[in-house]
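Engineer: File structure27.cif follows (mmCIF, C-alpha atoms and all ligand atoms):
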data_data
#
loop_
_atom_site.label_atom_id
_atom_site.label_comp_id
_atom_site.auth_asym_id
_atom_site.auth_seq_id
_atom_site.Cartn_x
_atom_site.Cartn_y
_atom_site.Cartn_z
CA MET A 170 222.44 154.69 22.26
CA LYS A 171 223.94 154.82 25.74
CA SER A 172 223.55 151.53 27.57
CA PRO A 173 222.25 151.37 30.16
CA LEU A 174 220.12 154.43 29.56
CA ARG A 175 220.17 156.36 32.84
CA LEU A 176 216.87 158.03 33.61
CA ALA A 177 216.08 160.56 36.30
CA ILE A 178 212.43 160.14 37.26
CA LEU A 179 210.72 163.12 38.88
CA PRO A 180 207.13 162.17 39.78
CA GLY A 181 206.35 165.57 41.33
CA ASP A 182 202.93 166.60 42.62
CA GLY A 183 199.23 165.76 42.38
CA ILE A 184 198.57 163.09 39.77
CA GLY A 185 202.26 163.20 38.77
CA PRO A 186 203.25 160.10 40.78
CA GLU A 187 200.27 158.04 39.51
CA VAL A 188 200.85 158.74 35.84
CA THR A 189 204.61 158.31 36.30
CA ASP A 190 204.06 154.81 37.73
CA ALA A 191 201.86 154.00 34.74
CA ALA A 192 204.48 155.27 32.30
CA LEU A 193 207.23 153.29 34.06
CA LEU A 194 205.19 150.11 33.83
CA VAL A 195 205.00 150.55 30.07
CA LEU A 196 208.64 151.63 29.80
CA HIS A 197 209.91 148.51 31.54
CA ALA A 198 207.72 146.27 29.39
CA ALA A 199 208.94 147.95 26.19
CA ALA A 200 212.55 147.88 27.39
CA GLU A 201 212.34 144.15 27.94
CA GLN A 202 210.65 143.52 24.62
CA PHE A 203 213.11 145.60 22.63
CA GLY A 204 216.25 144.74 24.58
CA ILE A 205 216.87 148.22 25.96
CA ARG A 206 218.70 148.48 29.28
CA VAL A 207 217.41 151.24 31.53
CA GLU A 208 218.38 152.37 35.00
CA THR A 209 216.09 154.69 36.91
CA GLU A 210 216.63 156.96 39.89
CA THR A 211 213.68 158.77 41.45
CA HIS A 212 213.93 162.29 42.86
CA PRO A 213 211.50 164.88 44.21
CA ILE A 214 210.52 168.10 42.44
CA GLY A 215 207.85 170.75 42.95
CA TYR A 216 205.81 171.04 46.10
CA ALA A 217 206.79 167.51 47.15
CA ALA A 218 210.44 168.59 47.06
CA PHE A 219 209.68 171.83 48.88
CA GLN A 220 208.08 169.83 51.68
CA GLN A 221 210.94 167.33 51.85
CA ALA A 222 213.92 169.55 51.24
CA GLY A 223 212.75 173.17 51.39
CA HIS A 224 213.24 173.84 47.66
CA PRO A 225 211.24 172.89 44.53
CA LEU A 226 214.45 171.74 42.79
CA PRO A 227 216.77 170.55 45.58
CA PRO A 228 220.52 170.08 45.01
CA LYS A 229 220.24 166.27 44.83
CA THR A 230 217.58 166.43 42.15
CA ARG A 231 219.64 168.98 40.27
CA GLU A 232 222.71 166.79 40.40
CA ALA A 233 220.73 163.74 39.28
CA VAL A 234 219.21 165.41 36.22
CA LEU A 235 222.55 166.85 35.16
CA GLY A 236 224.05 163.37 35.26
CA ALA A 237 221.17 161.60 33.52
CA ASP A 238 220.72 160.65 29.85
CA ALA A 239 217.07 161.71 30.00
CA VAL A 240 214.61 163.11 32.53
CA PHE A 241 210.99 162.10 32.95
CA LEU A 242 208.66 164.41 34.86
CA GLY A 243 205.11 163.73 36.09
CA ALA A 244 203.69 167.13 37.02
CA VAL A 245 204.28 170.01 39.42
CA GLY A 246 201.85 172.27 41.24
CA ASP A 247 199.92 172.35 44.49
CA PRO A 248 197.25 174.75 45.71
CA ARG A 249 199.02 174.90 49.09
CA SER A 250 201.95 176.63 47.41
CA ASP A 251 199.98 179.85 46.79
CA GLU A 252 201.23 181.19 50.10
CA ILE A 253 204.94 180.58 49.60
CA PRO A 254 207.30 183.05 47.92
CA PRO A 255 207.32 182.82 44.08
CA HIS A 256 210.90 181.51 43.80
CA LEU A 257 210.02 178.53 46.03
CA ARG A 258 206.79 177.61 44.25
CA PRO A 259 206.61 174.30 42.35
CA GLU A 260 206.48 176.06 38.95
CA ALA A 261 209.77 177.81 39.74
CA GLY A 262 211.34 174.37 40.15
CA LEU A 263 210.10 173.33 36.72
CA LEU A 264 211.34 176.51 35.03
CA GLU A 265 214.72 176.10 36.68
CA LEU A 266 214.85 172.46 35.56
CA ARG A 267 214.17 173.46 31.94
CA LYS A 268 216.81 176.14 32.22
CA ILE A 269 219.62 174.00 33.64
CA LEU A 270 218.95 171.31 31.04
CA ASP A 271 218.89 174.07 28.40
CA CYS A 272 215.81 172.50 26.86
CA PHE A 273 215.03 175.18 24.32
CA ALA A 274 212.77 173.24 21.97
CA ASN A 275 209.53 171.89 23.37
CA LEU A 276 207.78 169.44 21.05
CA ARG A 277 204.08 168.91 21.64
CA PRO A 278 202.39 166.59 19.15
CA ALA A 279 198.62 166.98 18.80
CA ARG A 280 196.55 164.47 16.88
CA THR A 281 193.13 162.98 16.92
CA TYR A 282 192.43 159.30 17.31
CA GLU A 283 189.68 157.87 15.16
CA ALA A 284 188.22 156.25 18.30
CA LEU A 285 188.02 159.64 20.01
CA ALA A 286 186.59 161.71 17.17
CA GLU A 287 183.44 162.15 19.29
CA ALA A 288 185.39 163.40 22.31
CA SER A 289 186.58 166.59 20.62
CA PRO A 290 184.59 169.78 21.19
CA LEU A 291 184.72 170.20 17.40
CA ARG A 292 182.46 168.31 15.04
CA PRO A 293 184.01 164.97 13.95
CA GLU A 294 184.25 166.04 10.30
CA ARG A 295 186.21 169.10 11.30
CA ILE A 296 188.62 167.33 13.63
CA ARG A 297 189.29 164.24 11.53
CA GLY A 298 192.83 164.12 10.20
CA MET A 299 194.19 166.66 12.68
CA ASP A 300 197.85 165.82 13.20
CA PHE A 301 200.33 168.56 13.94
CA LEU A 302 203.36 169.27 16.07
CA ILE A 303 203.86 172.42 18.11
CA VAL A 304 207.49 173.43 18.55
CA ARG A 305 207.52 175.90 21.41
CA GLU A 306 210.61 177.91 22.35
CA LEU A 307 211.11 176.96 25.99
CA ALA A 308 214.18 178.66 27.41
CA GLY A 309 213.55 182.34 26.75
CA GLY A 310 210.92 185.00 26.25
CA LEU A 311 208.71 186.42 28.98
CA TYR A 312 209.24 183.40 31.21
CA TYR A 313 212.87 184.28 31.83
CA GLY A 314 213.30 187.90 30.67
CA GLU A 315 215.00 190.36 33.01
CA PRO A 316 214.22 192.84 34.44
CA ARG A 317 211.09 191.53 36.10
CA SER A 318 209.45 192.93 39.21
CA ILE A 319 206.40 194.06 41.09
CA ASP A 320 206.82 197.47 42.68
CA ARG A 321 204.24 198.23 45.39
CA LYS A 322 205.94 201.28 46.87
CA GLY A 323 204.00 204.03 45.07
CA PRO A 324 200.27 204.77 45.34
CA GLU A 325 199.76 202.49 42.33
CA ALA A 326 201.53 199.15 42.12
CA GLU A 327 203.47 198.52 38.93
CA ALA A 328 204.74 195.26 37.44
CA VAL A 329 207.28 194.58 34.73
CA ASN A 330 208.17 191.58 32.59
CA THR A 331 210.62 191.60 29.73
CA LEU A 332 210.19 189.97 26.34
CA ARG A 333 213.59 189.53 24.76
CA TYR A 334 214.83 187.19 22.05
CA SER A 335 218.22 187.03 20.41
CA THR A 336 218.98 185.84 16.89
CA GLN A 337 220.75 182.79 18.27
CA GLU A 338 217.79 181.79 20.48
CA ILE A 339 215.40 182.03 17.55
CA ARG A 340 217.72 180.30 15.13
CA ARG A 341 218.33 177.20 17.23
CA VAL A 342 214.66 176.47 17.88
CA ALA A 343 213.77 177.26 14.25
CA ARG A 344 216.27 174.68 13.06
CA VAL A 345 214.59 172.03 15.22
CA ALA A 346 211.18 172.96 13.81
CA PHE A 347 212.33 172.92 10.18
CA GLY A 348 214.01 169.56 10.76
CA ALA A 349 210.77 168.18 12.19
CA ALA A 350 208.81 169.54 9.22
CA GLN A 351 211.22 167.81 6.85
CA ARG A 352 210.52 164.48 8.55
CA ARG A 353 206.76 165.14 8.55
CA ARG A 354 204.70 166.69 5.74
CA GLY A 355 207.08 169.50 4.83
CA SER A 356 205.07 172.46 6.04
CA LEU A 357 205.86 174.96 8.78
CA VAL A 358 203.71 177.76 10.17
CA SER A 359 205.70 180.22 12.27
CA VAL A 360 203.45 182.08 14.70
CA ASP A 361 204.22 185.57 15.97
CA LYS A 362 202.76 189.03 16.57
CA ALA A 363 204.92 190.89 14.09
CA ASN A 364 202.30 193.61 13.54
CA VAL A 365 202.96 194.83 17.09
CA LEU A 366 206.11 193.36 18.67
CA GLU A 367 209.76 193.95 17.81
CA THR A 368 210.68 190.50 19.14
CA SER A 369 208.24 189.06 16.62
CA ARG A 370 209.70 191.07 13.78
CA LEU A 371 213.14 189.68 14.57
CA TRP A 372 211.54 186.24 14.95
CA ARG A 373 210.12 186.46 11.41
CA GLU A 374 213.39 187.69 9.97
CA VAL A 375 215.46 184.91 11.54
CA VAL A 376 212.95 182.14 10.77
CA THR A 377 212.86 183.23 7.13
CA GLU A 378 216.64 183.17 7.00
CA VAL A 379 216.85 179.70 8.56
CA GLY A 380 214.21 178.56 6.05
CA ARG A 381 216.68 179.16 3.20
CA ASP A 382 218.56 176.07 4.40
CA PHE A 383 215.35 174.05 4.22
CA GLN A 384 214.15 174.55 0.66
CA ASP A 385 211.94 171.47 0.85
CA VAL A 386 209.85 172.98 3.68
CA ARG A 387 207.00 175.37 2.87
CA LEU A 388 207.18 178.27 5.34
CA GLU A 389 204.25 180.49 6.24
CA HIS A 390 204.12 183.24 8.88
CA MET A 391 200.90 183.67 10.82
CA LEU A 392 199.87 186.15 13.49
CA VAL A 393 199.07 184.51 16.80
CA ASP A 394 195.46 185.72 17.01
CA ARG A 395 194.72 184.31 13.59
CA ALA A 396 196.53 181.07 14.48
CA ALA A 397 194.32 180.67 17.56
CA MET A 398 191.31 181.00 15.27
CA GLU A 399 192.58 178.74 12.48
CA LEU A 400 193.30 176.02 15.02
CA VAL A 401 189.59 175.66 15.70
CA LEU A 402 188.44 176.38 12.14
CA ARG A 403 190.94 174.22 10.24
CA PRO A 404 192.99 172.09 12.63
CA GLY A 405 193.84 169.72 9.77
CA TYR A 406 195.66 172.54 7.99
CA PHE A 407 198.70 172.49 10.26
CA ASP A 408 201.77 170.27 10.12
CA VAL A 409 204.44 171.96 12.26
CA ILE A 410 203.77 175.12 14.25
CA LEU A 411 206.79 177.05 15.51
CA THR A 412 206.34 179.75 18.12
CA GLU A 413 207.82 181.56 21.11
CA ASN A 414 207.41 180.50 24.73
CA LEU A 415 204.18 182.18 25.89
CA PHE A 416 202.30 181.85 22.59
CA GLY A 417 203.29 178.18 22.58
CA ASP A 418 202.04 177.69 26.13
CA ILE A 419 198.63 179.07 25.18
CA LEU A 420 198.25 177.44 21.77
CA SER A 421 199.28 174.04 23.10
CA ASP A 422 196.47 174.03 25.65
CA GLU A 423 194.08 174.95 22.85
CA ALA A 424 195.48 172.09 20.78
CA ALA A 425 195.17 169.70 23.72
CA ALA A 426 191.51 170.60 24.15
CA LEU A 427 190.91 169.86 20.45
CA THR A 428 192.17 166.31 20.84
CA GLY A 429 189.41 165.67 23.37
CA SER A 430 191.44 165.60 26.57
CA ILE A 431 194.56 167.33 27.80
CA GLY A 432 195.33 163.99 29.46
CA LEU A 433 196.39 162.61 26.07
CA MET A 434 199.03 165.14 25.24
CA SER A 435 202.73 164.38 25.54
CA SER A 436 205.84 166.48 25.21
CA ALA A 437 209.56 166.31 24.66
CA SER A 438 211.90 169.17 25.50
CA LEU A 439 215.20 169.01 23.71
CA GLY A 440 218.32 171.10 23.87
CA THR A 441 222.00 170.77 24.39
CA GLY A 442 221.83 168.38 27.35
CA ALA A 443 219.54 165.57 28.47
CA GLY A 444 216.01 165.61 27.07
CA LEU A 445 213.07 166.29 29.39
CA TYR A 446 209.81 164.41 28.86
CA GLU A 447 206.53 165.34 30.50
CA PRO A 448 202.82 165.05 29.88
CA VAL A 449 201.28 168.45 29.11
CA HIS A 450 198.55 168.14 31.75
CA GLY A 451 199.29 169.60 35.15
CA SER A 452 199.12 168.14 38.64
CA ALA A 453 195.26 168.13 38.71
CA PRO A 454 195.02 168.29 42.53
CA ASP A 455 191.25 167.80 42.37
CA ILE A 456 191.63 164.19 41.21
CA ALA A 457 195.02 163.36 42.73
CA GLY A 458 195.38 160.08 44.61
CA ARG A 459 192.15 158.60 43.25
CA GLY A 460 193.67 156.44 40.53
CA ILE A 461 191.45 157.93 37.82
CA ALA A 462 193.91 160.19 35.97
CA ASN A 463 194.55 159.51 32.30
CA PRO A 464 198.07 158.06 32.03
CA LEU A 465 198.26 158.17 28.22
CA GLY A 466 199.94 161.59 28.03
CA ALA A 467 202.65 160.25 30.36
CA ILE A 468 202.93 156.96 28.47
CA LEU A 469 203.23 158.79 25.15
CA SER A 470 205.89 161.05 26.69
CA MET A 471 207.82 157.90 27.57
CA ALA A 472 207.56 156.89 23.90
CA LEU A 473 209.05 160.28 22.95
CA LEU A 474 211.87 159.63 25.41
CA LEU A 475 212.70 156.33 23.72
CA GLU A 476 212.58 158.02 20.33
CA HIS A 477 214.68 161.09 21.08
CA SER A 478 216.98 160.08 23.94
CA ALA A 479 217.49 156.41 23.05
CA GLU A 480 217.03 156.59 19.27
CA ARG A 481 214.66 153.65 19.58
CA THR A 482 211.94 154.62 17.14
CA ASP A 483 210.89 150.97 16.99
CA ALA A 484 209.98 150.90 20.68
CA ALA A 485 208.40 154.37 20.50
CA ARG A 486 206.17 153.41 17.56
CA ALA A 487 205.17 150.19 19.32
CA ILE A 488 204.02 152.10 22.41
CA GLU A 489 202.08 154.57 20.25
CA ALA A 490 200.41 151.71 18.40
CA ALA A 491 199.53 150.05 21.73
CA VAL A 492 197.95 153.29 22.95
CA GLU A 493 195.93 153.56 19.77
CA SER A 494 194.70 149.99 20.08
CA VAL A 495 193.69 150.49 23.73
CA LEU A 496 191.66 153.53 22.72
CA GLY A 497 190.27 151.62 19.76
CA ALA A 498 189.12 148.89 22.15
CA GLY A 499 186.98 151.50 23.90
CA MET A 500 189.00 151.99 27.08
CA ARG A 501 188.26 155.43 28.52
CA THR A 502 189.45 157.16 31.66
CA ALA A 503 186.84 159.19 33.55
CA GLU A 504 187.30 162.48 31.68
CA LEU A 505 186.70 160.75 28.32
CA ALA A 506 183.98 158.25 29.25
CA ARG A 507 180.56 159.11 27.93
CA LYS A 508 177.29 158.71 29.80
CA GLY A 509 176.73 155.04 30.57
CA GLU A 510 180.30 154.08 29.63
CA ARG A 511 182.48 152.45 32.27
CA ALA A 512 185.44 154.60 33.22
CA VAL A 513 188.73 152.73 33.52
CA GLY A 514 191.38 153.62 36.12
CA THR A 515 194.97 154.78 35.61
CA GLN A 516 196.56 151.46 36.48
CA GLU A 517 194.14 149.46 34.36
CA VAL A 518 194.89 151.59 31.29
CA ALA A 519 198.62 151.10 31.81
CA GLU A 520 198.17 147.32 32.10
CA ALA A 521 196.13 147.34 28.91
CA VAL A 522 198.85 149.24 27.05
CA ARG A 523 201.41 146.76 28.33
CA ARG A 524 199.30 143.83 27.09
CA ALA A 525 198.77 145.52 23.73
CA LEU A 526 202.55 145.82 23.36
CA GLY A 527 202.45 142.05 23.00
C1 LIG A 601 203.29 173.96 30.67
C2 LIG A 601 202.87 174.57 31.98
C3 LIG A 601 204.04 175.37 32.53
C4 LIG A 601 204.38 176.45 31.53
C5 LIG A 601 203.78 175.97 33.93
C6 LIG A 601 203.40 174.91 34.94
C7 LIG A 601 204.95 176.78 34.42
O1 LIG A 601 201.73 175.34 31.80
O2 LIG A 601 204.22 173.14 30.68
O3 LIG A 601 202.70 174.27 29.64
O4 LIG A 601 203.73 177.51 31.52
O5 LIG A 601 205.29 176.23 30.74
MN MN A 602 200.91 175.27 29.79
#
Once you've parsed the file, please lay out its structure as structure tokens.
Structural biologist:
Amino acid sequence: MKSPLRLAILPGDGIGPEVTDAALLVLHAAAEQFGIRVETETHPIGYAAFQQAGHPLPPKTREAVLGADAVFLGAVGDPRSDEIPPHLRPEAGLLELRKILDCFANLRPARTYEALAEASPLRPERIRGMDFLIVRELAGGLYYGEPRSIDRKGPEAEAVNTLRYSTQEIRRVARVAFGAAQRRRGSLVSVDKANVLETSRLWREVVTEVGRDFQDVRLEHMLVDRAAMELVLRPGYFDVILTENLFGDILSDEAAALTGSIGLMSSASLGTGAGLYEPVHGSAPDIAGRGIANPLGAILSMALLLEHSAERTDAARAIEAAVESVLGAGMRTAELARKGERAVGTQEVAEAVRRALG
């Protein structure tokens, strides 16, 4: 592990800064407890950066992330950005960030907590035991494909996006997913739309080929529409799910909803450079600044950072256990609190996780 571990912290927009503060509180506590030296530098991204510097990923932020060992991001997005040109919107900053870090494998773990079995929209007996990992391709597909355009010159407007995947792009993310399956329960479901799309047919071919190097992993191919259905019918069936960028975006929100709250879901984006860690929830402008956002997705993303960018599984597992014990003690942020239950604020949850760390 690099010491000190140099972190670029990008709080971003909406609830991003609040959940980032909560995650930093837990990070510093864990760092002290486990003897990890960290150095942090904070930089703007998203709408906040556009306001300050005229660009959602300003040169200074860019430089900082390229020099960092790992990057932590709160959230980007602001309703006021609807009026600005697409390439200056907060989301464009995030996509550019993923691209320059070459984070091609986005890991999104989804699991239920015994204490939250009631919070899921599914019946407790159906949701119990759900514990899977989505590996979403993050640097290609429709998000980045060229050509892309909207043409409004003719009588009818026409828009184009391009879905393109190369063997190499599929292979590298598949290897990450197979590796993860090896360390988990040895089963991988690769999701595509091979009955319609050429990109999916190549996807299937390459994933099958990569699978030959991972004989201990059971590989199954599943069409994306069926996968969306199986996720609600049999969430406990899945171990690792591998899929392309857009399918992964959609299925991971579905998975987040199954856990009971999108506020719980964390992510790690890995590639050739520094890892990028962000909660899956967005900037939630409707509740920003009120101190009621769920910080657990951010805190769990910090645990993923310690695991993947600092190789400190011990510290990561301790944070995860602390989160579980805080939930077990009945602490609930507003979106999870039931009628008559007291909702606990962002800061208070973070303090509780810190105490539970011991
Ligand atoms: C996510 C988000 C982003 C995505 C948006 C904000 C561009 O929905 O991280 O899932 O689509 O990747
Ligand atoms: Mn999404």
Engineer: So, counting all atoms listed in the file, which residue among A:Arg321, A:His450, A:Arg352, A:Arg341 is closest to Cys272 in chain A?
Structural biologist: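 Using all atoms listed in the file, the shortest distance to Cys272 in chain A belongs to A:Arg341.
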Engineer: Grab the CA of Leu193 in chain A to CA of Ala274 in chain A distance for me, in Å with one decimal place.
Structural biologist: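 Interatomic distance, CA of Leu193 in chain A to CA of Ala274 in chain A: 24.0 Å.
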Engineer: Within 12 Å of ligand MN 602 (chain A), which residues of chain A show up? Give each one with its shortest atom-to-atom distance in Å (one decimal) and the two atoms involved, counting all atoms listed in the file, rows by chain then rising residue number, as a tab-separated table.
Structural biologist:
residue	atom	partner	partner_atom	distance
A:Ala244	CA	A:MN602	MN	11.2
A:Val245	CA	A:MN602	MN	11.5
A:Gly246	CA	A:MN602	MN	11.9
A:Glu260	CA	A:MN602	MN	10.7
A:Leu263	CA	A:MN602	MN	11.7
A:Leu264	CA	A:MN602	MN	11.7
A:Asn275	CA	A:MN602	MN	11.3
A:Arg277	CA	A:MN602	MN	10.8
A:Arg305	CA	A:MN602	MN	10.7
A:Leu307	CA	A:MN602	MN	11.0
A:Tyr312	CA	A:MN602	MN	11.7
A:Asn414	CA	A:MN602	MN	9.8
A:Leu415	CA	A:MN602	MN	8.6
A:Phe416	CA	A:MN602	MN	9.9
A:Gly417	CA	A:MN602	MN	8.1
A:Asp418	CA	A:MN602	MN	4.5
A:Ile419	CA	A:MN602	MN	6.4
A:Leu420	CA	A:MN602	MN	8.7
A:Ser421	CA	A:MN602	MN	7.0
A:Asp422	CA	A:MN602	MN	6.2
A:Glu423	CA	A:MN602	MN	9.7
A:Ala424	CA	A:MN602	MN	11.0
A:Ala425	CA	A:MN602	MN	10.0
A:Ala426	CA	A:MN602	MN	11.9
A:Ile431	CA	A:MN602	MN	10.4
A:Met434	CA	A:MN602	MN	11.3
A:Ser435	CA	A:MN602	MN	11.8
A:Ser436	CA	A:MN602	MN	11.1
A:Glu447	CA	A:MN602	MN	11.4
A:Pro448	CA	A:MN602	MN	10.4
A:Val449	CA	A:MN602	MN	6.9
A:His450	CA	A:MN602	MN	7.8
A:Gly451	CA	A:MN602	MN	8.0
A:Ser452	CA	A:MN602	MN	11.5
Engineer: Contacts of Arg317 in chain A at 7 Å or less, counting all atoms listed in the file, minus same-chain residues fewer than 5 places along, as a list in words?
Structural biologist: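 Skipping anything fewer than 5 positions along the chain leaves Val329, Asn330 and Thr331 of chain A.
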Engineer: Of the candidates A:Ala222, A:Leu179, A:Leu242, A:Leu196, which one gets nearest to ligand LIG 601 (chain A) if we count all atoms listed in the file?
Structural biologist: A:Leu242
Engineer: Env of Arg370 in chain A: 12 Å cut, atoms = all atoms listed in the file, seq-sep filter 2 positions within chain, self excluded. Answer as an NGL selection string.
Structural biologist: :A and (333-336 or 339 or 359-368 or 372-377 or 390-392)
Engineer: Counting only C-alpha atoms and all ligand atoms, which of A:Gln337, A:Thr412, A:Gln202, A:Ser438 gets nearest to ligand LIG 601 (chain A)?
Structural biologist: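 Result for the nearest residue to ligand LIG 601 (chain A): A:Ser438.
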Engineer: Could you tell me which of A:Gly497, A:Pro278, A:Pro290, A:Pro227 comes closest to Arg353 in chain A if we count all atoms listed in the file?
Structural biologist: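 So, comparing all the options, the nearest one is A:Pro278.
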Engineer: Could you give me, as a PDB file with C-alpha atoms, in the frame of the given file, the residues within 12 Å of Pro454 in chain A, counting only C-alpha atoms and dropping anything in the same chain fewer than 5 positions from it?
Structural biologist:
ATOM      1  CA  GLY A 181     206.350 165.570  41.330  1.00  0.00           C
ATOM      2  CA  ASP A 182     202.930 166.600  42.620  1.00  0.00           C
ATOM      3  CA  GLY A 183     199.230 165.760  42.380  1.00  0.00           C
ATOM      4  CA  ILE A 184     198.570 163.090  39.770  1.00  0.00           C
ATOM      5  CA  GLY A 185     202.260 163.200  38.770  1.00  0.00           C
ATOM      6  CA  PRO A 186     203.250 160.100  40.780  1.00  0.00           C
ATOM      7  CA  GLU A 187     200.270 158.040  39.510  1.00  0.00           C
ATOM      8  CA  TYR A 216     205.810 171.040  46.100  1.00  0.00           C
ATOM      9  CA  ALA A 244     203.690 167.130  37.020  1.00  0.00           C
ATOM     10  CA  VAL A 245     204.280 170.010  39.420  1.00  0.00           C
ATOM     11  CA  GLY A 246     201.850 172.270  41.240  1.00  0.00           C
ATOM     12  CA  ASP A 247     199.920 172.350  44.490  1.00  0.00           C
ATOM     13  CA  PRO A 248     197.250 174.750  45.710  1.00  0.00           C
ATOM     14  CA  ARG A 249     199.020 174.900  49.090  1.00  0.00           C
ATOM     15  CA  SER A 250     201.950 176.630  47.410  1.00  0.00           C
ATOM     16  CA  ARG A 459     192.150 158.600  43.250  1.00  0.00           C
ATOM     17  CA  ILE A 461     191.450 157.930  37.820  1.00  0.00           C
ATOM     18  CA  ALA A 462     193.910 160.190  35.970  1.00  0.00           C
TER      19      ALA A 462
END
Engineer: With 3 Å on each side, where is the centre of the axis-aligned box around all listed atoms of ligand LIG 601 (chain A), and how long are its edges in Å to one decimal, as JSON?
Structural biologist:
{"center_x": 203.5, "center_y": 175.3, "center_z": 32.3, "size_x": 9.6, "size_y": 10.4, "size_z": 11.3}
Engineer: May I have the residues within 9 Å of Gly355 in chain A as a list in words, using only C-alpha atoms and disregarding those fewer than 2 positions away in the same chain?
Structural biologist: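 Close residues of Gly355 in chain A: Phe347, Ala349, Ala350, Gln351, Arg352, Arg353, Leu357, Asp385, Val386, Arg387, Leu388, Asp408 and Val409 of chain A.
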Engineer: So how far away is CA of Ala239 in chain A from CA of Ala443 in chain A, in Å?
Structural biologist: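 One can read the CA of Ala443 in chain A to CA of Ala239 in chain A distance as 4.8 Å.
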Engineer: So the first atom is CA of Glu306 in chain A and the second is CA of Gly348 in chain A; what is the distance between them in Å, to one decimal place?
Structural biologist: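 Taking CA of Glu306 in chain A and CA of Gly348 in chain A, their separation equals 14.7 Å.
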Engineer: Which residue out of A:Ser318, A:Thr482, A:Gln384, A:Thr211 has the minimum interatomic distance to Val240 in chain A when all atoms listed in the file are used?
Structural biologist: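 Distance minimum relative to Val240 in chain A lands on A:Thr211.
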Engineer: Which neighbours of range 402-407 of chain A fall inside 6 Å, counting all atoms listed in the file, when residues of the same chain fewer than 3 positions from it are skipped, and could you give them as a PDB file with C-alpha atoms, in the frame of the given file?
Structural biologist:
ATOM      1  CA  GLY A 298     192.830 164.120  10.200  1.00  0.00           C
ATOM      2  CA  MET A 299     194.190 166.660  12.680  1.00  0.00           C
ATOM      3  CA  PHE A 301     200.330 168.560  13.940  1.00  0.00           C
ATOM      4  CA  GLU A 399     192.580 178.740  12.480  1.00  0.00           C
TER       5      GLU A 399
END
